[in-house]
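A short worksheet on the structure shown next.
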Amino acid sequence: MPITRYIGRDPIFKGKSLYEIARQLRDLGVGRIVYRQSQSTRWPGQKTYFRLTKVVPDATCTEFKTGSAWGEEVFRGKKRGITEITTGHKYDWVLVPKDEEDAFCNETEVFDIDPQSIPKTMACPPLLEMVIQKDLKASGQPVPEKVQLPFFSEGYIKDLEWKWKS
């Protein structure tokens with residue numbers, strides 16, 4: 001008998017995709033609670049789950065792996081509002097039984113997640129700093145001792161602050 005050898009890594013996800021679960025439920029699971037197994041093992045005391053508000057499976061895919069889904073997100077015990085679920089294609093989603101939903105949602109510890117501060121400027125590389133100082137000196141402008149470059153554009157920082165605001 002020939003030896004079978006498998007190539008590649010073992011699959012890390014065990015379960016079904018969100019769209020496989022939703023297509024077996026009435027109204028595509030709207031109003032039901034689902035969570036990812038990987039997030040429940042990463043933060044065991046802090047629940048992360050979605051209450052589905054809209055599910056649109058991709059009808060062109062015969063295996064029902066893809067689609068779009070939106071839900072009320074609770075991330076580590078903190079409500080974040082209705083967001084699009086971008087990881088619905090991964091195979092580690094779990095459906096909470098209807099009779100256990102209240103107990104599942106109530107037993108959570110809320111931890112404050114400190115927002116990370118983003119630096120506004122960063123140090124300039126030495127060669128670029130010399131070139132900038134030389135150009136400033138040639139144009140007659142005051143030359144700073146240390147040249148600082150903007151870390152991000154203002155629009156990008158405002159976009160990040162909007163996403164982190166919850």
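Ordered as shown in the structure tokens, chains take letters A, B, and onward, while each chain numbers its residues from 1 and ligands are numbered from 1 in the order shown.
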(message) Neighbouring residues of Glu84 (chain A) were defined as those with any atom within 8 Å, considering only C-alpha atoms; residues of the same chain fewer than 4 positions away were excluded. Please report them as an NGL selection string.
(response) :A and (68-71)
(request) From a DSSP calculation on the backbone, collect every residue of chain A in alpha helix (DSSP H) and output the set as JSON, numbers by chain. (result) {"A": [18, 19, 20, 21, 22, 23, 37, 38, 39, 40, 41, 42, 101, 102, 103, 104, 105, 106, 126, 127, 128, 129, 130, 131, 132, 133, 134, 135, 136, 137, 138, 139, 154, 155, 156, 157, 158, 159, 160, 161, 162, 163, 164]}
(message) Can you tell me which residues surround Cys124 (chain A) at a distance of at most 9 Å, considering only C-alpha atoms, apart from same-chain residues fewer than 4 positions away, and format the answer as JSON, numbers by chain?
(response) {"A": [128, 129, 146, 147, 148, 149]}
(message) Using only C-alpha atoms, which protein or nucleic acid residues come within 9 Å of region 54-61 of chain A? Drop anything in the same chain fewer than 6 positions from it, and give the result as a PyMOL selection string.
(response) chain A and resi 19-20+22-23+27-31+67-71
(request) Compile the contact shell of region 34-36 of chain A as a list of chain:residue names: residues with an atom at most 7 Å away, counting only C-alpha atoms, same-chain residues fewer than 3 positions apart removed. (result) A:Gln39, A:Ser40, A:Thr48, A:Tyr49, A:Phe50, A:Arg51, A:Asp92, A:Trp93, A:Val94, A:Leu95, A:Val96
